[in-house]
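Shown next, in structure tokens, is the structure this report addresses.
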Amino acid sequence: MAISFKHIKPLLQTGTNTASRWLSYIGLGIGVLLLLCSIQMYINIQQMLKGNVVRKEGFDFISITKTITNETMGETEKNLFHKKDIEAVKTKKFVDDVSPLLANQFRVQLSAGAIIPFSTDLFIETLDNDFIDTVPPTFNWKEGQIDVPLIFSSDFLEIYNVFAPGQGLPQVSAETAAGIPILITCEGNGLKQTFRARVVALSDRINSVLVPKTFLDWANKTFGNNNDISASRLYIKTKDANNTDLLNFLDENNYKVNKDKTKFGRVKQVLQGIFSALGIFGLLVVILALMLFSFYLQLVIARSKDNLQLLITLGYSPDWLSKNVSKQFIPVYIGIVLASLGITSVIQWLFHRFAMYQRPEITSLVHWSIVLIAFALITLSVFTNYRLIRKLVYKMF
């Protein structure tokens, strides 16, 4: 026949030192709430960053340049990336690949012939095809070929369409731009040659006029006078443009990067620091609350020592007494943690609905890991509670 603990419960003097008990309950609630909210906000940051970065095949592509200061503005070589600089960047674990954006070392003039009466001195550049967002099959060139394919920046086309009306020039669409014959005149080393060119693609990633690498290598040797060609820009291929290690590396080397590409990473560093500190503080509060509650339990067991010894003398098992005494506090632990989980859920719903205006990167529901952590805290509280009571009861032998 099962033994009831109902009639034995009054023998435990649990009503003493209620201030300590309630302080431990309140501390445990605050600590759990801080811990769950901090972890949820940390997860929100990660999800928002993933949603704000345009990626291709799981990678981000960002360009970096050396910061030009008053001291280095007259020293071109110091502002360029040389082979050793490229190798140093490539060896970093957070960098998957690097490609220099090489420019022309000779004069280039671009015109649109009779269709659009417009001509200008311009620069052309080249980049490994793996780093370009749109590379059609026609983007290639062989020596002796008079036609040169171009990949034009979408931003450049937009800039042209902004100033064209003021200069009496027609605006053009992306489709029309691809059909306009362009003349590229290369001049240098006493040589001058004109090539036919067409825009074969527009790039949203590269703010430049790109030509095939084979063409620019040949043209720099033919029309240029610098055999050691260094790059003013590098393109980095990385799994996360907002990686804090990457951002710290760029800062340490005084490399300049497009702030729009990494602004979320800068914010991420600050927010992660804040929520990490809050999470650690919440965990410390939970630990302190459990320690305070352990003092309360020690006081209860000490005050009930005579009664418990009498029960053990009457034949009650210490294990049975330990389990039943600890069971009295399980509903309290469950209630505190579930209440904290509920408040966290409400905060997440309000955050998503009003602060983030229901952005699709995050949801109104708490992350599944938060629920898992809540149940882990319940298990931890119950386990530590039982072990402490069992230890105290066995000490009375």
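Labeling convention for the structure tokens: chains A, B, ... as they appear, residues from 1 per chain, ligands from 1 in order of appearance.
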Skip range 59-68 of chain A itself and residues of its chain fewer than 2 positions away, then list as a ChimeraX atom specification all residues within 10 Å of it, counting only C-alpha atoms. /A:53-57,70-76,78-81,96-101,131-133,205-207,231-242,250,253-258,261-262
Using the selection just defined, write its residues with C-alpha atoms as an mmCIF file, in the first residue's frame.
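Written out: result-v9.cif:
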```
data_model
loop_
_atom_site.group_PDB
_atom_site.id
_atom_site.type_symbol
_atom_site.label_atom_id
_atom_site.label_comp_id
_atom_site.auth_asym_id
_atom_site.auth_seq_id
_atom_site.Cartn_x
_atom_site.Cartn_y
_atom_site.Cartn_z
ATOM 1 C CA VAL A 53 22.714 40.008 -47.137
ATOM 2 C CA VAL A 54 22.455 39.160 -50.820
ATOM 3 C CA ARG A 55 24.308 35.913 -51.314
ATOM 4 C CA LYS A 56 25.281 33.762 -54.264
ATOM 5 C CA GLU A 57 25.807 30.029 -53.774
ATOM 6 C CA ASN A 70 47.241 62.674 -46.227
ATOM 7 C CA GLU A 71 50.539 60.901 -45.627
ATOM 8 C CA THR A 72 50.042 58.272 -48.380
ATOM 9 C CA MET A 73 48.058 60.214 -50.990
ATOM 10 C CA GLY A 74 51.193 60.963 -52.986
ATOM 11 C CA GLU A 75 52.627 57.447 -52.713
ATOM 12 C CA THR A 76 50.659 55.308 -55.136
ATOM 13 C CA LYS A 78 51.482 52.179 -50.748
ATOM 14 C CA ASN A 79 47.832 52.459 -51.747
ATOM 15 C CA LEU A 80 47.905 49.413 -54.040
ATOM 16 C CA PHE A 81 47.565 45.713 -53.224
ATOM 17 C CA ASP A 96 37.422 31.600 -49.031
ATOM 18 C CA ASP A 97 39.047 33.276 -52.019
ATOM 19 C CA VAL A 98 40.464 36.601 -53.210
ATOM 20 C CA SER A 99 40.626 38.205 -56.640
ATOM 21 C CA PRO A 100 42.345 41.486 -57.579
ATOM 22 C CA LEU A 101 40.352 43.955 -59.655
ATOM 23 C CA PHE A 131 33.531 36.747 -58.609
ATOM 24 C CA ILE A 132 31.155 38.291 -61.174
ATOM 25 C CA ASP A 133 27.430 37.889 -60.538
ATOM 26 C CA ARG A 205 27.897 43.711 -57.689
ATOM 27 C CA ILE A 206 30.809 45.323 -59.544
ATOM 28 C CA ASN A 207 30.815 49.115 -59.923
ATOM 29 C CA ALA A 231 45.421 46.226 -57.887
ATOM 30 C CA SER A 232 43.743 49.159 -56.189
ATOM 31 C CA ARG A 233 40.837 46.926 -55.156
ATOM 32 C CA LEU A 234 40.426 43.349 -53.998
ATOM 33 C CA TYR A 235 37.274 41.288 -54.008
ATOM 34 C CA ILE A 236 36.869 38.900 -51.100
ATOM 35 C CA LYS A 237 34.755 35.772 -51.254
ATOM 36 C CA THR A 238 33.513 34.829 -47.794
ATOM 37 C CA LYS A 239 30.712 32.857 -46.198
ATOM 38 C CA ASP A 240 29.721 35.834 -44.045
ATOM 39 C CA ALA A 241 30.471 39.470 -44.861
ATOM 40 C CA ASN A 242 29.378 40.354 -41.312
ATOM 41 C CA LEU A 250 39.923 44.913 -42.048
ATOM 42 C CA ASN A 253 44.947 46.646 -41.539
ATOM 43 C CA ASN A 254 43.209 49.954 -42.217
ATOM 44 C CA TYR A 255 41.357 48.507 -45.204
ATOM 45 C CA LYS A 256 38.311 50.361 -46.435
ATOM 46 C CA VAL A 257 35.152 48.443 -47.266
ATOM 47 C CA ASN A 258 31.692 49.349 -48.462
ATOM 48 C CA LYS A 261 27.818 45.653 -47.073
ATOM 49 C CA THR A 262 29.049 45.302 -43.513
#
```
List the spatial neighbours of Glu187 in chain A as a count of residues only - criterion: any atom at most 12 Å away, only C-alpha atoms, same-chain residues fewer than 5 positions off excluded. 19
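Restricting the calculation to only C-alpha atoms, the smallest distance between Lys90 in chain A and any of A:Leu271, A:Phe351, A:Trp141, A:Leu246 is found for A:Leu246.
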Using only C-alpha atoms, which residues of range 138-164 of chain A come within 8 Å of range 171-174 of chain A, and what is the closest atom pair for each, with the distance in Å to one decimal? Give it as CSV, sorted by chain and residue number.
```
residue,atom,partner,partner_atom,distance
A:Leu157,CA,A:Ala174,CA,7.8
A:Tyr160,CA,A:Gln171,CA,7.6
A:Asn161,CA,A:Gln171,CA,5.1
A:Ala164,CA,A:Gln171,CA,6.1
```
For the structure I just gave you, how does DSSP split range 166-339 of chain A - specifically, which residues are alpha helix (DSSP H)? Reply as a PyMOL selection string. chain A and resi 174-179+213-223+244-252+259-303+305-313+318-327+330-339
Picked from range 99-266 of chain A by DSSP as strand (DSSP E), as a ChimeraX atom specification: /A:99-103,107-112,116-121,125-126,147-153,182-188,191-203,209-210,233-238,255-257
How would the residues just picked look written out with C-alpha atoms as a PDB file, in the first residue's frame?
```pdb
ATOM      1  CA  SER A  99      40.626  38.205 -56.640  1.00  0.00           C
ATOM      2  CA  PRO A 100      42.345  41.486 -57.579  1.00  0.00           C
ATOM      3  CA  LEU A 101      40.352  43.955 -59.655  1.00  0.00           C
ATOM      4  CA  LEU A 102      42.975  44.928 -62.261  1.00  0.00           C
ATOM      5  CA  ALA A 103      42.665  48.192 -64.196  1.00  0.00           C
ATOM      6  CA  ARG A 107      44.399  55.638 -71.958  1.00  0.00           C
ATOM      7  CA  VAL A 108      40.933  54.352 -72.852  1.00  0.00           C
ATOM      8  CA  GLN A 109      38.257  56.374 -74.639  1.00  0.00           C
ATOM      9  CA  LEU A 110      34.696  55.127 -74.960  1.00  0.00           C
ATOM     10  CA  SER A 111      32.121  56.410 -77.457  1.00  0.00           C
ATOM     11  CA  ALA A 112      28.759  55.301 -78.807  1.00  0.00           C
ATOM     12  CA  ILE A 116      24.434  58.495 -79.112  1.00  0.00           C
ATOM     13  CA  PRO A 117      26.788  61.462 -79.561  1.00  0.00           C
ATOM     14  CA  PHE A 118      28.676  60.800 -76.373  1.00  0.00           C
ATOM     15  CA  SER A 119      32.318  60.031 -75.658  1.00  0.00           C
ATOM     16  CA  THR A 120      34.453  60.033 -72.535  1.00  0.00           C
ATOM     17  CA  ASP A 121      37.761  58.888 -71.151  1.00  0.00           C
ATOM     18  CA  GLU A 125      38.914  46.575 -65.305  1.00  0.00           C
ATOM     19  CA  THR A 126      38.926  42.811 -65.116  1.00  0.00           C
ATOM     20  CA  ASP A 147      35.019  42.628 -80.841  1.00  0.00           C
ATOM     21  CA  VAL A 148      35.265  43.023 -77.060  1.00  0.00           C
ATOM     22  CA  PRO A 149      32.405  42.033 -74.717  1.00  0.00           C
ATOM     23  CA  LEU A 150      31.654  44.327 -71.768  1.00  0.00           C
ATOM     24  CA  ILE A 151      29.939  43.811 -68.430  1.00  0.00           C
ATOM     25  CA  PHE A 152      28.609  47.181 -67.383  1.00  0.00           C
ATOM     26  CA  SER A 153      27.714  48.303 -63.876  1.00  0.00           C
ATOM     27  CA  ILE A 182      30.317  50.929 -78.537  1.00  0.00           C
ATOM     28  CA  LEU A 183      33.770  51.935 -79.682  1.00  0.00           C
ATOM     29  CA  ILE A 184      36.746  51.521 -77.332  1.00  0.00           C
ATOM     30  CA  THR A 185      39.943  53.305 -78.313  1.00  0.00           C
ATOM     31  CA  CYS A 186      43.137  52.153 -76.596  1.00  0.00           C
ATOM     32  CA  GLU A 187      46.166  54.418 -76.773  1.00  0.00           C
ATOM     33  CA  GLY A 188      49.685  54.117 -75.368  1.00  0.00           C
ATOM     34  CA  LEU A 191      50.102  52.884 -80.520  1.00  0.00           C
ATOM     35  CA  LYS A 192      46.406  53.455 -81.005  1.00  0.00           C
ATOM     36  CA  GLN A 193      43.700  50.922 -81.821  1.00  0.00           C
ATOM     37  CA  THR A 194      39.902  50.982 -81.805  1.00  0.00           C
ATOM     38  CA  PHE A 195      37.773  47.950 -80.880  1.00  0.00           C
ATOM     39  CA  ARG A 196      34.095  47.287 -81.283  1.00  0.00           C
ATOM     40  CA  ALA A 197      32.360  46.488 -78.011  1.00  0.00           C
ATOM     41  CA  ARG A 198      28.899  45.512 -76.800  1.00  0.00           C
ATOM     42  CA  VAL A 199      27.360  45.281 -73.359  1.00  0.00           C
ATOM     43  CA  VAL A 200      26.679  41.571 -72.835  1.00  0.00           C
ATOM     44  CA  ALA A 201      25.508  41.840 -69.204  1.00  0.00           C
ATOM     45  CA  LEU A 202      24.867  44.252 -66.345  1.00  0.00           C
ATOM     46  CA  SER A 203      26.360  43.708 -62.896  1.00  0.00           C
ATOM     47  CA  VAL A 209      33.268  48.400 -66.715  1.00  0.00           C
ATOM     48  CA  LEU A 210      34.591  44.851 -66.970  1.00  0.00           C
ATOM     49  CA  ARG A 233      40.837  46.926 -55.156  1.00  0.00           C
ATOM     50  CA  LEU A 234      40.426  43.349 -53.998  1.00  0.00           C
ATOM     51  CA  TYR A 235      37.274  41.288 -54.008  1.00  0.00           C
ATOM     52  CA  ILE A 236      36.869  38.900 -51.100  1.00  0.00           C
ATOM     53  CA  LYS A 237      34.755  35.772 -51.254  1.00  0.00           C
ATOM     54  CA  THR A 238      33.513  34.829 -47.794  1.00  0.00           C
ATOM     55  CA  TYR A 255      41.357  48.507 -45.204  1.00  0.00           C
ATOM     56  CA  LYS A 256      38.311  50.361 -46.435  1.00  0.00           C
ATOM     57  CA  VAL A 257      35.152  48.443 -47.266  1.00  0.00           C
TER      58      VAL A 257
END
```
Contact table range 295-347 of chain A vs range 387-395 of chain A, cut-off 7 Å, shortest pair per residue, only C-alpha atoms, as JSON lines:
```
{"residue": "A:Pro318", "atom": "CA", "partner": "A:Val393", "partner_atom": "CA", "distance": 6.5}
{"residue": "A:Asp319", "atom": "CA", "partner": "A:Arg390", "partner_atom": "CA", "distance": 6.9}
{"residue": "A:Ser322", "atom": "CA", "partner": "A:Arg390", "partner_atom": "CA", "distance": 5.0}
{"residue": "A:Ser326", "atom": "CA", "partner": "A:Ile389", "partner_atom": "CA", "distance": 6.7}
```
Give me, as a PyMOL selection string, all polymer residues having an atom no more than 6 Å from range 275-292 of chain A, counting only C-alpha atoms and skipping those fewer than 3 positions away in the same chain. chain A and resi 24+27-28+31+34-35+38+272+295
Keeping only N, CA and C atoms, write the selected residues to a file as a PDB file, in the first residue's frame.
```pdb
ATOM      1  N   SER A  24      14.510  33.973  -3.330  1.00  0.00           N
ATOM      2  CA  SER A  24      15.062  32.984  -4.261  1.00  0.00           C
ATOM      3  C   SER A  24      14.108  32.754  -5.427  1.00  0.00           C
ATOM      4  N   GLY A  27      14.335  35.910  -7.633  1.00  0.00           N
ATOM      5  CA  GLY A  27      15.631  35.910  -8.328  1.00  0.00           C
ATOM      6  C   GLY A  27      15.682  34.884  -9.435  1.00  0.00           C
ATOM      7  N   LEU A  28      15.140  33.689  -9.172  1.00  0.00           N
ATOM      8  CA  LEU A  28      15.116  32.646 -10.187  1.00  0.00           C
ATOM      9  C   LEU A  28      14.282  33.085 -11.387  1.00  0.00           C
ATOM     10  N   GLY A  31      16.205  35.823 -13.342  1.00  0.00           N
ATOM     11  CA  GLY A  31      17.359  35.238 -14.025  1.00  0.00           C
ATOM     12  C   GLY A  31      16.952  34.437 -15.254  1.00  0.00           C
ATOM     13  N   LEU A  34      15.738  36.849 -18.035  1.00  0.00           N
ATOM     14  CA  LEU A  34      16.859  37.510 -18.701  1.00  0.00           C
ATOM     15  C   LEU A  34      17.602  36.549 -19.629  1.00  0.00           C
ATOM     16  N   LEU A  35      17.804  35.337 -19.168  1.00  0.00           N
ATOM     17  CA  LEU A  35      18.538  34.346 -19.954  1.00  0.00           C
ATOM     18  C   LEU A  35      17.778  33.995 -21.231  1.00  0.00           C
ATOM     19  N   SER A  38      17.567  37.049 -23.678  1.00  0.00           N
ATOM     20  CA  SER A  38      18.865  37.348 -24.287  1.00  0.00           C
ATOM     21  C   SER A  38      19.186  36.362 -25.410  1.00  0.00           C
ATOM     22  N   GLN A 272      25.436  41.807 -30.089  1.00  0.00           N
ATOM     23  CA  GLN A 272      25.832  40.514 -29.532  1.00  0.00           C
ATOM     24  C   GLN A 272      26.537  40.692 -28.203  1.00  0.00           C
ATOM     25  N   PHE A 295      20.141  27.488   0.691  1.00  0.00           N
ATOM     26  CA  PHE A 295      20.263  27.913   2.090  1.00  0.00           C
ATOM     27  C   PHE A 295      18.928  27.782   2.809  1.00  0.00           C
TER      28      PHE A 295
END
```
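In this comparison, which uses only C-alpha atoms, the residue of A:His82, A:Leu216, A:Thr138, A:Val332 approaching Phe123 in chain A most closely is A:Leu216.
Candidate residues A:Ser230, A:Ser381, A:Thr134, A:Asn140 were compared for distance to Phe329 in chain A, and the nearest is A:Ser381, using only C-alpha atoms.
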Correct to one decimal, the distance CA of Val337 in chain A-CA of Pro360 in chain A is 28.6 Å
Nearest residue to Asp204 in chain A out of A:Tyr316, A:Trp349, A:Phe156, A:Tyr42, using only C-alpha atoms? A:Phe156
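Compared by their closest atoms to Leu297 in chain A, and using only C-alpha atoms, the residues A:Asn385, A:Asn44, A:Leu338, A:Glu158 rank with A:Asn385 nearest.
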Best match for closeness to Asp245 in chain A among A:Val270, A:Ile86, A:Val95, A:Val382, counting only C-alpha atoms: A:Val95
What does the distance from CA of Ala177 in chain A to CA of Leu122 in chain A come to in Å, to one decimal? 17.0 Å
Find the distance between CA of Trp218 in chain A and CA of Pro181 in chain A and write it in Å to one decimal. 22.2 Å
